[in-house]
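A.B. asks: Got a structure for you, written out below as structure tokens; questions coming shortly.
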Amino acid sequence: MQTTKPRHDATEGTDAAVGTRDRIVRAAARLLQRQGYEGTGIKQIARDAEATLGSVYHFFPGGKQELAVAAIQHGEREFADILRTGLAADDDPAEAITACTRLLADSLRESDWMDGCPVAATALETVGRAPAIQQACAEAIGHWTDLVAEKLRGGLDEDTARDLACAAISTLEGAELTAQVLRSEEPLLTAGRHLARLIRTYK
């Protein structure tokens, strides 16, 4: 349901301006996540953020691509927070991975199966055409892989931990997409169980 809050302009003062930028980035992140880059317009972002077009271009003079990079970075941090929470849930890396899949399943279900990976749609649409966006997506995936690899390093050499982490993130990406299509948490929970078995074979 649309709110009735008054719109704020970027010139209203420092505190208001910071709030406006944050709303714009959050709105863009959610729309890109759900609609992709091509399906999301600046006017829709401004409307959903309850901001003026002037405010959007004030904060992002580079336009849609610059805003998309900021939105991807925001989505990356949200996804990383879920991973950190799951990975911290258990000392056993295998159990921690299953905790991650449960959290991701919960988050996806709560969004009515709308909010999957925060970079997937944009990455696929812009690969080879928007280097700055592609770089932001690559950095996001790299950071998530680093978080999982750090959890796996105990008792594993660096290369093995990194390889397993890469496999885990790739599996989670595919499982999220499948869960969205089927509107079911089972693909994520199944992925978690099998990733845990894989990790245990190295421990």
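Residues are referred to by chain and number: the chain letter is A, B, ... according to the order shown in the structure tokens, the number counts from 1 in that chain, and ligands are numbered separately from 1 in the order shown.
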Give me the residues near Gln135 of chain A as a PDB file with all heavy atoms, in the first residue's frame, where near means some atom within 12 Å (using only C-alpha atoms) and where sequence neighbours in that chain fewer than 3 positions away do not count.
C.D. replies:
ATOM      1  N   GLN A  65      22.858   4.117 -14.371  1.00  0.00           N
ATOM      2  CA  GLN A  65      23.964   3.188 -14.128  1.00  0.00           C
ATOM      3  C   GLN A  65      24.634   3.459 -12.790  1.00  0.00           C
ATOM      4  O   GLN A  65      24.949   2.525 -12.042  1.00  0.00           O
ATOM      5  CB  GLN A  65      24.987   3.264 -15.260  1.00  0.00           C
ATOM      6  CG  GLN A  65      24.519   2.593 -16.544  1.00  0.00           C
ATOM      7  CD  GLN A  65      25.676   2.270 -17.487  1.00  0.00           C
ATOM      8  OE1 GLN A  65      26.810   2.060 -17.049  1.00  0.00           O
ATOM      9  NE2 GLN A  65      25.391   2.221 -18.770  1.00  0.00           N
ATOM     10  N   ALA A  68      22.363   2.220 -10.141  1.00  0.00           N
ATOM     11  CA  ALA A  68      22.340   0.761 -10.116  1.00  0.00           C
ATOM     12  C   ALA A  68      23.531   0.200  -9.344  1.00  0.00           C
ATOM     13  O   ALA A  68      23.389  -0.771  -8.594  1.00  0.00           O
ATOM     14  CB  ALA A  68      22.320   0.207 -11.539  1.00  0.00           C
ATOM     15  N   VAL A  69      24.694   0.805  -9.515  1.00  0.00           N
ATOM     16  CA  VAL A  69      25.879   0.354  -8.777  1.00  0.00           C
ATOM     17  C   VAL A  69      25.647   0.503  -7.272  1.00  0.00           C
ATOM     18  O   VAL A  69      25.917  -0.421  -6.490  1.00  0.00           O
ATOM     19  CB  VAL A  69      27.121   1.138  -9.218  1.00  0.00           C
ATOM     20  CG1 VAL A  69      28.303   0.858  -8.279  1.00  0.00           C
ATOM     21  CG2 VAL A  69      27.507   0.772 -10.650  1.00  0.00           C
ATOM     22  N   ALA A  70      25.123   1.651  -6.852  1.00  0.00           N
ATOM     23  CA  ALA A  70      24.850   1.876  -5.427  1.00  0.00           C
ATOM     24  C   ALA A  70      23.797   0.893  -4.915  1.00  0.00           C
ATOM     25  O   ALA A  70      23.896   0.390  -3.788  1.00  0.00           O
ATOM     26  CB  ALA A  70      24.386   3.311  -5.200  1.00  0.00           C
ATOM     27  N   ILE A  72      23.144  -2.141  -6.102  1.00  0.00           N
ATOM     28  CA  ILE A  72      23.746  -3.477  -6.018  1.00  0.00           C
ATOM     29  C   ILE A  72      24.606  -3.588  -4.760  1.00  0.00           C
ATOM     30  O   ILE A  72      24.585  -4.602  -4.055  1.00  0.00           O
ATOM     31  CB  ILE A  72      24.572  -3.771  -7.278  1.00  0.00           C
ATOM     32  CG1 ILE A  72      23.633  -3.991  -8.465  1.00  0.00           C
ATOM     33  CG2 ILE A  72      25.471  -4.995  -7.084  1.00  0.00           C
ATOM     34  CD1 ILE A  72      24.309  -3.893  -9.801  1.00  0.00           C
ATOM     35  N   GLN A  73      25.345  -2.544  -4.459  1.00  0.00           N
ATOM     36  CA  GLN A  73      26.170  -2.548  -3.253  1.00  0.00           C
ATOM     37  C   GLN A  73      25.304  -2.652  -2.002  1.00  0.00           C
ATOM     38  O   GLN A  73      25.666  -3.326  -1.037  1.00  0.00           O
ATOM     39  CB  GLN A  73      27.045  -1.297  -3.221  1.00  0.00           C
ATOM     40  CG  GLN A  73      28.124  -1.302  -4.300  1.00  0.00           C
ATOM     41  CD  GLN A  73      28.804   0.037  -4.475  1.00  0.00           C
ATOM     42  OE1 GLN A  73      28.285   1.086  -4.046  1.00  0.00           O
ATOM     43  NE2 GLN A  73      29.966   0.040  -5.109  1.00  0.00           N
ATOM     44  N   VAL A 119      21.569  -9.465  -7.010  1.00  0.00           N
ATOM     45  CA  VAL A 119      22.355  -9.039  -8.176  1.00  0.00           C
ATOM     46  C   VAL A 119      22.041  -9.832  -9.443  1.00  0.00           C
ATOM     47  O   VAL A 119      22.401  -9.405 -10.541  1.00  0.00           O
ATOM     48  CB  VAL A 119      23.877  -9.133  -7.903  1.00  0.00           C
ATOM     49  CG1 VAL A 119      24.263  -8.363  -6.652  1.00  0.00           C
ATOM     50  CG2 VAL A 119      24.353 -10.565  -7.826  1.00  0.00           C
ATOM     51  N   THR A 122      20.032  -8.128 -12.577  1.00  0.00           N
ATOM     52  CA  THR A 122      20.795  -7.017 -13.151  1.00  0.00           C
ATOM     53  C   THR A 122      22.073  -7.512 -13.807  1.00  0.00           C
ATOM     54  O   THR A 122      22.450  -7.040 -14.886  1.00  0.00           O
ATOM     55  CB  THR A 122      21.127  -5.988 -12.056  1.00  0.00           C
ATOM     56  OG1 THR A 122      19.905  -5.534 -11.464  1.00  0.00           O
ATOM     57  CG2 THR A 122      21.877  -4.800 -12.633  1.00  0.00           C
ATOM     58  N   ALA A 123      22.738  -8.465 -13.175  1.00  0.00           N
ATOM     59  CA  ALA A 123      23.990  -8.992 -13.732  1.00  0.00           C
ATOM     60  C   ALA A 123      23.757  -9.622 -15.099  1.00  0.00           C
ATOM     61  O   ALA A 123      24.517  -9.382 -16.052  1.00  0.00           O
ATOM     62  CB  ALA A 123      24.602 -10.004 -12.773  1.00  0.00           C
ATOM     63  N   THR A 126      23.032  -6.956 -17.889  1.00  0.00           N
ATOM     64  CA  THR A 126      24.026  -5.933 -18.204  1.00  0.00           C
ATOM     65  C   THR A 126      25.409  -6.482 -18.527  1.00  0.00           C
ATOM     66  O   THR A 126      26.308  -5.707 -18.856  1.00  0.00           O
ATOM     67  CB  THR A 126      24.164  -4.941 -17.027  1.00  0.00           C
ATOM     68  OG1 THR A 126      24.546  -5.661 -15.846  1.00  0.00           O
ATOM     69  CG2 THR A 126      22.847  -4.211 -16.768  1.00  0.00           C
ATOM     70  N   VAL A 127      25.594  -7.797 -18.461  1.00  0.00           N
ATOM     71  CA  VAL A 127      26.918  -8.366 -18.705  1.00  0.00           C
ATOM     72  C   VAL A 127      27.412  -7.974 -20.095  1.00  0.00           C
ATOM     73  O   VAL A 127      26.688  -8.073 -21.089  1.00  0.00           O
ATOM     74  CB  VAL A 127      26.895  -9.896 -18.535  1.00  0.00           C
ATOM     75  CG1 VAL A 127      26.001 -10.570 -19.558  1.00  0.00           C
ATOM     76  CG2 VAL A 127      28.296 -10.481 -18.601  1.00  0.00           C
ATOM     77  N   GLY A 128      28.621  -7.463 -20.150  1.00  0.00           N
ATOM     78  CA  GLY A 128      29.219  -7.059 -21.415  1.00  0.00           C
ATOM     79  C   GLY A 128      28.787  -5.692 -21.909  1.00  0.00           C
ATOM     80  O   GLY A 128      29.312  -5.201 -22.911  1.00  0.00           O
ATOM     81  N   ARG A 129      27.812  -5.053 -21.221  1.00  0.00           N
ATOM     82  CA  ARG A 129      27.292  -3.771 -21.695  1.00  0.00           C
ATOM     83  C   ARG A 129      27.492  -2.635 -20.715  1.00  0.00           C
ATOM     84  O   ARG A 129      27.455  -1.471 -21.117  1.00  0.00           O
ATOM     85  CB  ARG A 129      25.788  -3.892 -22.008  1.00  0.00           C
ATOM     86  CG  ARG A 129      25.475  -4.898 -23.103  1.00  0.00           C
ATOM     87  CD  ARG A 129      24.027  -4.783 -23.559  1.00  0.00           C
ATOM     88  NE  ARG A 129      23.086  -5.098 -22.492  1.00  0.00           N
ATOM     89  CZ  ARG A 129      22.282  -4.223 -21.904  1.00  0.00           C
ATOM     90  NH1 ARG A 129      22.312  -2.955 -22.248  1.00  0.00           N
ATOM     91  NH2 ARG A 129      21.436  -4.608 -20.967  1.00  0.00           N
ATOM     92  N   ALA A 130      27.661  -2.956 -19.445  1.00  0.00           N
ATOM     93  CA  ALA A 130      27.798  -1.919 -18.429  1.00  0.00           C
ATOM     94  C   ALA A 130      28.897  -2.352 -17.461  1.00  0.00           C
ATOM     95  O   ALA A 130      28.616  -2.981 -16.434  1.00  0.00           O
ATOM     96  CB  ALA A 130      26.469  -1.707 -17.697  1.00  0.00           C
ATOM     97  N   PRO A 131      30.145  -2.028 -17.770  1.00  0.00           N
ATOM     98  CA  PRO A 131      31.274  -2.521 -16.971  1.00  0.00           C
ATOM     99  C   PRO A 131      31.191  -2.181 -15.483  1.00  0.00           C
ATOM    100  O   PRO A 131      31.552  -3.013 -14.646  1.00  0.00           O
ATOM    101  CB  PRO A 131      32.490  -1.846 -17.620  1.00  0.00           C
ATOM    102  CG  PRO A 131      32.054  -1.588 -19.031  1.00  0.00           C
ATOM    103  CD  PRO A 131      30.596  -1.267 -18.950  1.00  0.00           C
ATOM    104  N   ALA A 132      30.714  -0.981 -15.154  1.00  0.00           N
ATOM    105  CA  ALA A 132      30.655  -0.592 -13.742  1.00  0.00           C
ATOM    106  C   ALA A 132      29.664  -1.461 -12.979  1.00  0.00           C
ATOM    107  O   ALA A 132      29.914  -1.871 -11.840  1.00  0.00           O
ATOM    108  CB  ALA A 132      30.271   0.877 -13.611  1.00  0.00           C
ATOM    109  N   ALA A 138      30.240  -8.549  -9.674  1.00  0.00           N
ATOM    110  CA  ALA A 138      31.358  -9.460  -9.447  1.00  0.00           C
ATOM    111  C   ALA A 138      31.923  -9.289  -8.042  1.00  0.00           C
ATOM    112  O   ALA A 138      32.263 -10.282  -7.361  1.00  0.00           O
ATOM    113  CB  ALA A 138      32.444  -9.222 -10.490  1.00  0.00           C
ATOM    114  N   GLU A 139      32.020  -8.047  -7.590  1.00  0.00           N
ATOM    115  CA  GLU A 139      32.528  -7.790  -6.243  1.00  0.00           C
ATOM    116  C   GLU A 139      31.585  -8.343  -5.188  1.00  0.00           C
ATOM    117  O   GLU A 139      32.021  -8.849  -4.147  1.00  0.00           O
ATOM    118  CB  GLU A 139      32.739  -6.291  -6.050  1.00  0.00           C
ATOM    119  CG  GLU A 139      33.928  -5.749  -6.840  1.00  0.00           C
ATOM    120  CD  GLU A 139      34.059  -4.237  -6.749  1.00  0.00           C
ATOM    121  OE1 GLU A 139      33.174  -3.599  -6.121  1.00  0.00           O
ATOM    122  OE2 GLU A 139      35.035  -3.692  -7.302  1.00  0.00           O
ATOM    123  N   ALA A 140      30.278  -8.252  -5.448  1.00  0.00           N
ATOM    124  CA  ALA A 140      29.297  -8.798  -4.508  1.00  0.00           C
ATOM    125  C   ALA A 140      29.475 -10.303  -4.361  1.00  0.00           C
ATOM    126  O   ALA A 140      29.578 -10.830  -3.242  1.00  0.00           O
ATOM    127  CB  ALA A 140      27.881  -8.476  -4.986  1.00  0.00           C
ATOM    128  N   ILE A 141      29.531 -10.998  -5.472  1.00  0.00           N
ATOM    129  CA  ILE A 141      29.692 -12.450  -5.429  1.00  0.00           C
ATOM    130  C   ILE A 141      31.028 -12.822  -4.794  1.00  0.00           C
ATOM    131  O   ILE A 141      31.125 -13.774  -4.010  1.00  0.00           O
ATOM    132  CB  ILE A 141      29.568 -13.037  -6.843  1.00  0.00           C
ATOM    133  CG1 ILE A 141      28.128 -12.861  -7.351  1.00  0.00           C
ATOM    134  CG2 ILE A 141      29.958 -14.520  -6.864  1.00  0.00           C
ATOM    135  CD1 ILE A 141      27.941 -13.179  -8.821  1.00  0.00           C
ATOM    136  N   GLY A 142      32.067 -12.055  -5.103  1.00  0.00           N
ATOM    137  CA  GLY A 142      33.371 -12.301  -4.496  1.00  0.00           C
ATOM    138  C   GLY A 142      33.348 -12.145  -2.991  1.00  0.00           C
ATOM    139  O   GLY A 142      33.960 -12.940  -2.254  1.00  0.00           O
TER     140      GLY A 142
END
A.B. asks: Give me the residues within 6 Å of segment 185-189 of chain A as a tab-separated table (two decimals) with all heavy atoms, in the first residue's frame, counting only C-alpha atoms and dropping any in the same chain fewer than 5 places off.
C.D. replies:
chain	number	residue	atom	x	y	z
A	101	THR	N	20.87	-21.52	4.50
A	101	THR	CA	19.79	-21.84	3.57
A	101	THR	C	18.42	-21.67	4.23
A	101	THR	O	17.47	-21.24	3.58
A	101	THR	CB	19.93	-23.27	3.00
A	101	THR	OG1	19.91	-24.23	4.06
A	101	THR	CG2	21.22	-23.41	2.22
A	105	ALA	N	15.66	-19.09	2.87
A	105	ALA	CA	14.31	-19.58	2.59
A	105	ALA	C	13.28	-18.74	3.33
A	105	ALA	O	12.23	-18.37	2.77
A	105	ALA	CB	14.19	-21.05	2.98
A	175	ALA	N	19.62	-22.39	-6.25
A	175	ALA	CA	18.54	-22.86	-5.39
A	175	ALA	C	17.53	-21.74	-5.12
A	175	ALA	O	16.32	-21.99	-5.06
A	175	ALA	CB	19.11	-23.38	-4.08
A	179	ALA	N	13.66	-21.93	-6.06
A	179	ALA	CA	12.66	-21.71	-5.01
A	179	ALA	C	11.65	-20.65	-5.43
A	179	ALA	O	10.45	-20.78	-5.16
A	179	ALA	CB	13.36	-21.31	-3.72
A.B. asks: Select, from A:Lys43, A:Ala165, A:Lys203, A:Ala136, the residue with the minimum atom-to-atom distance to Ala149 of chain A, counting only C-alpha atoms.
C.D. replies: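 Ranking A:Lys43, A:Ala165, A:Lys203, A:Ala136 by distance to Ala149 of chain A, first place goes to A:Ala165.
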A.B. asks: State, in Å with one decimal place, the distance from atom CA of Leu83 of chain A to atom CA of Asp106 of chain A.
C.D. replies: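 Atom-to-atom, atom CA of Leu83 of chain A to atom CA of Asp106 of chain A, that is 12.8 Å.
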A.B. asks: Taking into account only C-alpha atoms, which residue in the set A:Ala120, A:Met114, A:Ala28, A:Trp144 is nearest to Asp81 of chain A?
C.D. replies: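 Closest residue, counting only C-alpha atoms: A:Trp144.
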A.B. asks: Tell me which of A:Ala196, A:Leu108, A:Val56, A:Val181 sits closest to Ala94 of chain A, counting only C-alpha atoms.
C.D. replies: A:Ala196
A.B. asks: I'd like the neighbourhood of Ser111 of chain A as a list of chain:residue names, where a residue qualifies if any of its atoms comes within 12 Å (using only C-alpha atoms), though same-chain residues fewer than 4 positions away should be ignored.
C.D. replies: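 Counting only the stated atoms, we get A:Arg30, A:Gln33, A:Arg34, A:Leu104, A:Ala105, A:Asp106, A:Ser107, A:Asp115, A:Gly116, A:Gln180, A:Arg183.
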A.B. asks: Write the residues of the preceding selection, restricted to all heavy atoms, as a PDB file, in the first residue's frame.
C.D. replies:
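Once written, out_13.pdb looks like this:
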ATOM      1  N   ARG A  30      15.476  -2.754  -4.458  1.00  0.00           N
ATOM      2  CA  ARG A  30      14.339  -3.662  -4.471  1.00  0.00           C
ATOM      3  C   ARG A  30      13.773  -3.829  -5.880  1.00  0.00           C
ATOM      4  O   ARG A  30      13.432  -4.938  -6.311  1.00  0.00           O
ATOM      5  CB  ARG A  30      13.248  -3.145  -3.530  1.00  0.00           C
ATOM      6  CG  ARG A  30      12.219  -4.171  -3.162  1.00  0.00           C
ATOM      7  CD  ARG A  30      12.822  -5.333  -2.395  1.00  0.00           C
ATOM      8  NE  ARG A  30      13.328  -4.928  -1.094  1.00  0.00           N
ATOM      9  CZ  ARG A  30      14.491  -5.341  -0.580  1.00  0.00           C
ATOM     10  NH1 ARG A  30      15.273  -6.151  -1.272  1.00  0.00           N
ATOM     11  NH2 ARG A  30      14.880  -4.939   0.610  1.00  0.00           N
ATOM     12  N   GLN A  33      16.107  -5.876  -8.056  1.00  0.00           N
ATOM     13  CA  GLN A  33      16.046  -7.267  -7.613  1.00  0.00           C
ATOM     14  C   GLN A  33      14.826  -7.968  -8.202  1.00  0.00           C
ATOM     15  O   GLN A  33      14.887  -9.140  -8.588  1.00  0.00           O
ATOM     16  CB  GLN A  33      15.984  -7.305  -6.082  1.00  0.00           C
ATOM     17  CG  GLN A  33      16.057  -8.671  -5.452  1.00  0.00           C
ATOM     18  CD  GLN A  33      16.082  -8.563  -3.932  1.00  0.00           C
ATOM     19  OE1 GLN A  33      15.595  -7.588  -3.359  1.00  0.00           O
ATOM     20  NE2 GLN A  33      16.651  -9.548  -3.270  1.00  0.00           N
ATOM     21  N   ARG A  34      13.723  -7.245  -8.287  1.00  0.00           N
ATOM     22  CA  ARG A  34      12.463  -7.853  -8.727  1.00  0.00           C
ATOM     23  C   ARG A  34      12.235  -7.732 -10.231  1.00  0.00           C
ATOM     24  O   ARG A  34      11.609  -8.600 -10.833  1.00  0.00           O
ATOM     25  CB  ARG A  34      11.294  -7.197  -7.982  1.00  0.00           C
ATOM     26  CG  ARG A  34      11.306  -7.470  -6.498  1.00  0.00           C
ATOM     27  CD  ARG A  34      10.134  -6.829  -5.797  1.00  0.00           C
ATOM     28  NE  ARG A  34      10.083  -7.211  -4.390  1.00  0.00           N
ATOM     29  CZ  ARG A  34       9.105  -6.898  -3.551  1.00  0.00           C
ATOM     30  NH1 ARG A  34       8.088  -6.174  -3.999  1.00  0.00           N
ATOM     31  NH2 ARG A  34       9.139  -7.290  -2.298  1.00  0.00           N
ATOM     32  N   LEU A 104      17.768 -17.897   4.217  1.00  0.00           N
ATOM     33  CA  LEU A 104      17.436 -17.444   2.873  1.00  0.00           C
ATOM     34  C   LEU A 104      16.026 -17.884   2.491  1.00  0.00           C
ATOM     35  O   LEU A 104      15.275 -17.121   1.864  1.00  0.00           O
ATOM     36  CB  LEU A 104      18.454 -17.982   1.871  1.00  0.00           C
ATOM     37  CG  LEU A 104      19.856 -17.376   1.963  1.00  0.00           C
ATOM     38  CD1 LEU A 104      20.836 -18.155   1.084  1.00  0.00           C
ATOM     39  CD2 LEU A 104      19.847 -15.908   1.566  1.00  0.00           C
ATOM     40  N   ALA A 105      15.663 -19.094   2.871  1.00  0.00           N
ATOM     41  CA  ALA A 105      14.311 -19.582   2.590  1.00  0.00           C
ATOM     42  C   ALA A 105      13.276 -18.743   3.332  1.00  0.00           C
ATOM     43  O   ALA A 105      12.233 -18.374   2.767  1.00  0.00           O
ATOM     44  CB  ALA A 105      14.195 -21.053   2.984  1.00  0.00           C
ATOM     45  N   ASP A 106      13.551 -18.431   4.586  1.00  0.00           N
ATOM     46  CA  ASP A 106      12.629 -17.600   5.372  1.00  0.00           C
ATOM     47  C   ASP A 106      12.451 -16.232   4.729  1.00  0.00           C
ATOM     48  O   ASP A 106      11.328 -15.722   4.599  1.00  0.00           O
ATOM     49  CB  ASP A 106      13.154 -17.427   6.798  1.00  0.00           C
ATOM     50  CG  ASP A 106      13.067 -18.713   7.618  1.00  0.00           C
ATOM     51  OD1 ASP A 106      12.343 -19.645   7.203  1.00  0.00           O
ATOM     52  OD2 ASP A 106      13.725 -18.770   8.674  1.00  0.00           O
ATOM     53  N   SER A 107      13.567 -15.626   4.338  1.00  0.00           N
ATOM     54  CA  SER A 107      13.524 -14.299   3.727  1.00  0.00           C
ATOM     55  C   SER A 107      12.751 -14.310   2.414  1.00  0.00           C
ATOM     56  O   SER A 107      11.946 -13.414   2.126  1.00  0.00           O
ATOM     57  CB  SER A 107      14.955 -13.791   3.494  1.00  0.00           C
ATOM     58  OG  SER A 107      14.947 -12.540   2.856  1.00  0.00           O
ATOM     59  N   ASP A 115      11.878 -11.655  -3.670  1.00  0.00           N
ATOM     60  CA  ASP A 115      13.208 -11.088  -3.467  1.00  0.00           C
ATOM     61  C   ASP A 115      14.274 -12.170  -3.354  1.00  0.00           C
ATOM     62  O   ASP A 115      14.634 -12.600  -2.266  1.00  0.00           O
ATOM     63  CB  ASP A 115      13.230 -10.207  -2.214  1.00  0.00           C
ATOM     64  CG  ASP A 115      12.285  -9.027  -2.339  1.00  0.00           C
ATOM     65  OD1 ASP A 115      11.984  -8.638  -3.476  1.00  0.00           O
ATOM     66  OD2 ASP A 115      11.844  -8.512  -1.297  1.00  0.00           O
ATOM     67  N   GLY A 116      14.791 -12.588  -4.496  1.00  0.00           N
ATOM     68  CA  GLY A 116      15.866 -13.566  -4.515  1.00  0.00           C
ATOM     69  C   GLY A 116      17.219 -12.892  -4.443  1.00  0.00           C
ATOM     70  O   GLY A 116      17.412 -11.919  -3.731  1.00  0.00           O
ATOM     71  N   GLN A 180      12.128 -19.601  -6.105  1.00  0.00           N
ATOM     72  CA  GLN A 180      11.215 -18.567  -6.575  1.00  0.00           C
ATOM     73  C   GLN A 180      10.241 -19.117  -7.613  1.00  0.00           C
ATOM     74  O   GLN A 180       9.045 -18.836  -7.567  1.00  0.00           O
ATOM     75  CB  GLN A 180      11.999 -17.403  -7.181  1.00  0.00           C
ATOM     76  CG  GLN A 180      12.643 -16.489  -6.156  1.00  0.00           C
ATOM     77  CD  GLN A 180      13.324 -15.313  -6.819  1.00  0.00           C
ATOM     78  OE1 GLN A 180      14.458 -15.420  -7.275  1.00  0.00           O
ATOM     79  NE2 GLN A 180      12.637 -14.187  -6.869  1.00  0.00           N
ATOM     80  N   ARG A 183       7.938 -21.462  -5.901  1.00  0.00           N
ATOM     81  CA  ARG A 183       7.303 -20.881  -4.715  1.00  0.00           C
ATOM     82  C   ARG A 183       7.351 -21.879  -3.559  1.00  0.00           C
ATOM     83  O   ARG A 183       6.349 -22.163  -2.902  1.00  0.00           O
ATOM     84  CB  ARG A 183       5.869 -20.449  -5.026  1.00  0.00           C
ATOM     85  CG  ARG A 183       5.776 -19.352  -6.057  1.00  0.00           C
ATOM     86  CD  ARG A 183       4.336 -18.976  -6.362  1.00  0.00           C
ATOM     87  NE  ARG A 183       3.666 -18.399  -5.202  1.00  0.00           N
ATOM     88  CZ  ARG A 183       3.751 -17.122  -4.832  1.00  0.00           C
ATOM     89  NH1 ARG A 183       4.499 -16.278  -5.524  1.00  0.00           N
ATOM     90  NH2 ARG A 183       3.095 -16.689  -3.771  1.00  0.00           N
TER      91      ARG A 183
END
A.B. asks: Restricting the calculation to only C-alpha atoms, which member of A:Leu195, A:Lys151, A:Gly41, A:Glu50 is positioned closest to Thr85 of chain A?
C.D. replies: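 Under the stated criterion, the closest residue is A:Lys151.
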A.B. asks: I'd like to know which residues of chain A are helix (DSSP H, G or I) (by DSSP, run on the backbone); could you write them as a PyMOL selection string?
C.D. replies: chain A and resi 14-35+42-48+53-59+64-87+93-110+120-126+131-152+158-182+186-200
A.B. asks: Counting only C-alpha atoms, which of A:Phe79, A:Arg23, A:Thr171, A:Gly155 gets nearest to Arg200 of chain A?
C.D. replies: A:Gly155
A.B. asks: With only C-alpha atoms as the atoms that count, which of A:Ile97, A:Ala80, A:Leu103, A:Leu164 lies nearest to Arg193 of chain A?
C.D. replies: A:Ile97
A.B. asks: Between atom CA of Cys117 of chain A and atom CA of Asp92 of chain A, what distance in Å does the model show, to one decimal?
C.D. replies: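 If I compute the distance from atom CA of Cys117 of chain A to atom CA of Asp92 of chain A, I get 24.9 Å.
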A.B. asks: Which value, in Å to one decimal, gives the distance between atom CA of His194 of chain A and atom CA of Thr178 of chain A?
C.D. replies: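 Distance between the two atoms: 15.5 Å.
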A.B. asks: Quick one: everything within 10 Å of Ala46 of chain A, counting only C-alpha atoms, minus sequence neighbours fewer than 5 positions away in the same chain. Send it as a PDB file with C-alpha atoms, in the first residue's frame.
C.D. replies:
ATOM      1  CA  ARG A   7       8.156  14.034  -0.428  1.00  0.00           C
ATOM      2  CA  THR A  20      16.467  10.832   0.762  1.00  0.00           C
ATOM      3  CA  ARG A  23      15.395   5.827   0.318  1.00  0.00           C
ATOM      4  CA  ILE A  24      16.394   6.158  -3.336  1.00  0.00           C
ATOM      5  CA  VAL A  25      19.052   3.449  -3.052  1.00  0.00           C
ATOM      6  CA  ALA A  27      13.939   1.576  -3.675  1.00  0.00           C
ATOM      7  CA  ALA A  28      16.312   1.011  -6.586  1.00  0.00           C
ATOM      8  CA  GLY A  41      13.060   3.234 -14.747  1.00  0.00           C
ATOM      9  CA  ALA A  51      11.615  11.524  -3.942  1.00  0.00           C
ATOM     10  CA  THR A  52      11.728  13.969  -6.821  1.00  0.00           C
ATOM     11  CA  LEU A  53      13.588  13.292 -10.051  1.00  0.00           C
ATOM     12  CA  GLY A  54      15.749  16.254  -9.148  1.00  0.00           C
ATOM     13  CA  SER A  55      16.772  14.500  -5.940  1.00  0.00           C
ATOM     14  CA  VAL A  56      17.686  11.333  -7.817  1.00  0.00           C
ATOM     15  CA  TYR A  57      19.937  13.199 -10.236  1.00  0.00           C
TER      16      TYR A  57
END
